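Read through the structure below, which is laid out as structure tokens, and then see the notes.
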Amino acid sequence: MQGNDINCDMPASEHISKQISSLKDWRGRTLAELRRLILEAEPDIREEWKWGTAVWSKGGTICSAIPHKHHIQLNFFKGAMLEDPHGLFNAKTDGSVDRAIDFTKGRDINSLAFKELIREAVTYNLLGDLYRKNGQAPSEIKAEAEYVVKA
């Protein structure tokens, strides 16, 4: 499947499914697993088809999946603002705001840490504007938001 092939009548989820099925090797299985984990982490996240690839959004763009010959890169659009206590980010990007994870053949996915990162990115999108000027980390934002909700 060419990255530029766009059928405007086709839902984004179908585009993503076609992208996955077009990757006949380990990359298809890896992308399918990443998609499953993203949807599991945030069930109401929105799947989109932009720039010829899979994109996930909630409160703004979260990440995009870019299949390459020897890896799949998951680019987090606001990755520089996220904490990464598990060291998932391992790829260089050209931007100063985004960070990425390269998944290579045989690399295990730390499911719990990955889903935590997805949730943190969503929290940052939904609540980050309120706290950026105060220099709070996304985990502090989330803790404060949970406190406000419980009170």
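Simple scheme: letters A, B, ... for chains in structure tokens order, numbers from 1 for residues in each chain, numbers from 1 for ligands in the order shown.
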Quiz item: Leaving out Arg35 in chain A and any residue of its chain fewer than 6 positions from it, which residues lie within 10 Å of it when counting only C-alpha atoms, given as a PyMOL selection string?
Solution: chain A and resi 16-17+20+29+41+47+54-56+65
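Within 9 Å of range 110-118 of chain A there are A:Leu34, A:Leu37, A:Ile38, A:Glu40, A:Ala41, A:Glu42, A:Ile62, A:Cys63, A:Leu82, A:Glu83, A:Asp84, A:Pro85, A:His86, A:Leu88, A:Val122, A:Thr123, counting only C-alpha atoms and ignoring same-chain residues fewer than 4 positions away.
Every protein, DNA or RNA residue with an atom at most 10 Å from Gly60 in chain A, where only C-alpha atoms count and chain neighbours fewer than 4 positions away do not, is listed here: A:Arg46, A:Trp56, A:Phe77, A:Lys78, A:Ala121, A:Val122, A:Tyr124, A:Asn125, A:Leu126.
When the distance limit is 10 Å and only C-alpha atoms are what count, the residues near Trp49 in chain A, minus those fewer than 2 positions from it on the same chain, are Ile6, Cys8, Met10, Pro11, Ala12, Ser13, Glu14, His15, Ile16, Glu47, Trp51, Gly52, Thr53, Ala54, Val55, Trp56 and Ser64 of chain A.
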Output N, CA and C atoms of each residue in that selection to a file, as a short mmCIF file (atom, residue, chain, number, x, y, z; two decimals), in the first residue's frame.
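Written file, out.cif:
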data_model
loop_
_atom_site.label_atom_id
_atom_site.label_comp_id
_atom_site.auth_asym_id
_atom_site.auth_seq_id
_atom_site.Cartn_x
_atom_site.Cartn_y
_atom_site.Cartn_z
N ILE A 6 -5.06 7.51 -0.88
CA ILE A 6 -6.07 8.02 0.03
C ILE A 6 -7.44 7.78 -0.58
N CYS A 8 -10.92 8.95 0.52
CA CYS A 8 -11.57 9.81 1.50
C CYS A 8 -12.83 9.21 2.10
N MET A 10 -13.10 6.10 2.97
CA MET A 10 -12.72 5.00 3.86
C MET A 10 -12.41 5.55 5.25
N PRO A 11 -12.98 4.95 6.29
CA PRO A 11 -12.65 5.39 7.65
C PRO A 11 -11.17 5.19 7.96
N ALA A 12 -10.64 6.01 8.83
CA ALA A 12 -9.23 5.93 9.21
C ALA A 12 -8.87 4.54 9.72
N SER A 13 -9.76 3.93 10.48
CA SER A 13 -9.46 2.60 11.03
C SER A 13 -9.23 1.58 9.91
N GLU A 14 -9.93 1.73 8.79
CA GLU A 14 -9.72 0.83 7.65
C GLU A 14 -8.38 1.09 6.98
N HIS A 15 -8.02 2.36 6.87
CA HIS A 15 -6.70 2.70 6.31
C HIS A 15 -5.60 2.05 7.16
N ILE A 16 -5.75 2.16 8.47
CA ILE A 16 -4.73 1.61 9.37
C ILE A 16 -4.69 0.09 9.26
N GLU A 47 -8.54 7.33 16.11
CA GLU A 47 -7.62 6.91 15.06
C GLU A 47 -7.84 7.82 13.86
N TRP A 51 -0.98 12.15 6.58
CA TRP A 51 0.38 12.06 6.05
C TRP A 51 0.70 10.65 5.55
N GLY A 52 -0.35 9.91 5.16
CA GLY A 52 -0.17 8.58 4.61
C GLY A 52 0.16 7.52 5.65
N THR A 53 -0.22 7.77 6.89
CA THR A 53 0.07 6.78 7.94
C THR A 53 -0.91 6.91 9.10
N ALA A 54 -0.81 5.96 10.02
CA ALA A 54 -1.68 5.93 11.21
C ALA A 54 -1.29 7.02 12.19
N VAL A 55 -2.31 7.70 12.72
CA VAL A 55 -2.12 8.75 13.72
C VAL A 55 -3.18 8.55 14.79
N TRP A 56 -2.81 8.77 16.06
CA TRP A 56 -3.75 8.67 17.17
C TRP A 56 -3.82 10.02 17.86
N SER A 64 2.25 9.16 15.77
CA SER A 64 2.04 8.58 14.45
C SER A 64 2.97 7.39 14.31
#
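Considering the residues A:Gly128, A:Gly79, A:Gly59, A:Gly28 and counting only C-alpha atoms, Thr93 in chain A has its shortest atom-to-atom contact with A:Gly79.
Minimum atom-to-atom distances from A:Leu31, A:Ile66, A:Val97, A:Ile109 to Ala80 in chain A were compared using only C-alpha atoms, and the lowest value belongs to A:Val97.
One distance worth recording is that between CA of Asp44 in chain A and CA of Thr61 in chain A, which is 13.4 Å.
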Exercise. Would you please give, as a ChimeraX atom specification, all residues of range 41-115 of chain A that DSSP assigns to strand (DSSP E or B) based on the backbone?
Key: /A:46-50,53-57,61-67,71-76,91,99-104
Self-check item: From A:Lys58, A:Asp94, A:Leu127, A:Phe103, residue lying nearest Trp26 in chain A [only C-alpha atoms]
Solution: A:Phe103
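Relative to CA of Leu23 in chain A, CA of Ala100 in chain A is found at 20.3 Å.
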Quiz prompt | Residues within 9 Å of His70 in chain A, only C-alpha atoms, excluding chain neighbours under 2 positions, as number ranges by chain | solution = A: 27, 67-68, 72, 103-105
Residue subset to file, keeping N, CA and C atoms, as a short mmCIF file (atom, residue, chain, number, x, y, z; two decimals), in the first residue's frame:
data_model
loop_
_atom_site.label_atom_id
_atom_site.label_comp_id
_atom_site.auth_asym_id
_atom_site.auth_seq_id
_atom_site.Cartn_x
_atom_site.Cartn_y
_atom_site.Cartn_z
N ARG A 27 6.94 -6.29 10.91
CA ARG A 27 6.47 -4.91 11.07
C ARG A 27 4.94 -4.85 11.17
N PRO A 67 6.17 3.19 9.28
CA PRO A 67 6.91 1.97 8.95
C PRO A 67 8.11 2.28 8.05
N HIS A 68 9.27 1.80 8.45
CA HIS A 68 10.49 1.89 7.66
C HIS A 68 10.92 0.47 7.31
N ILE A 72 9.88 0.24 12.88
CA ILE A 72 8.66 1.06 12.90
C ILE A 72 8.94 2.17 13.90
N PHE A 103 10.96 0.70 16.96
CA PHE A 103 10.73 -0.71 17.26
C PHE A 103 11.38 -1.52 16.15
N THR A 104 12.32 -2.38 16.52
CA THR A 104 13.04 -3.20 15.56
C THR A 104 12.64 -4.66 15.73
N LYS A 105 13.00 -5.46 14.75
CA LYS A 105 12.66 -6.88 14.77
C LYS A 105 13.21 -7.52 16.06
#
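Across A:Arg99, A:Arg107, A:Lys69, A:Lys18, the tightest approach to Thr30 in chain A is made by A:Arg107 when counting only C-alpha atoms.
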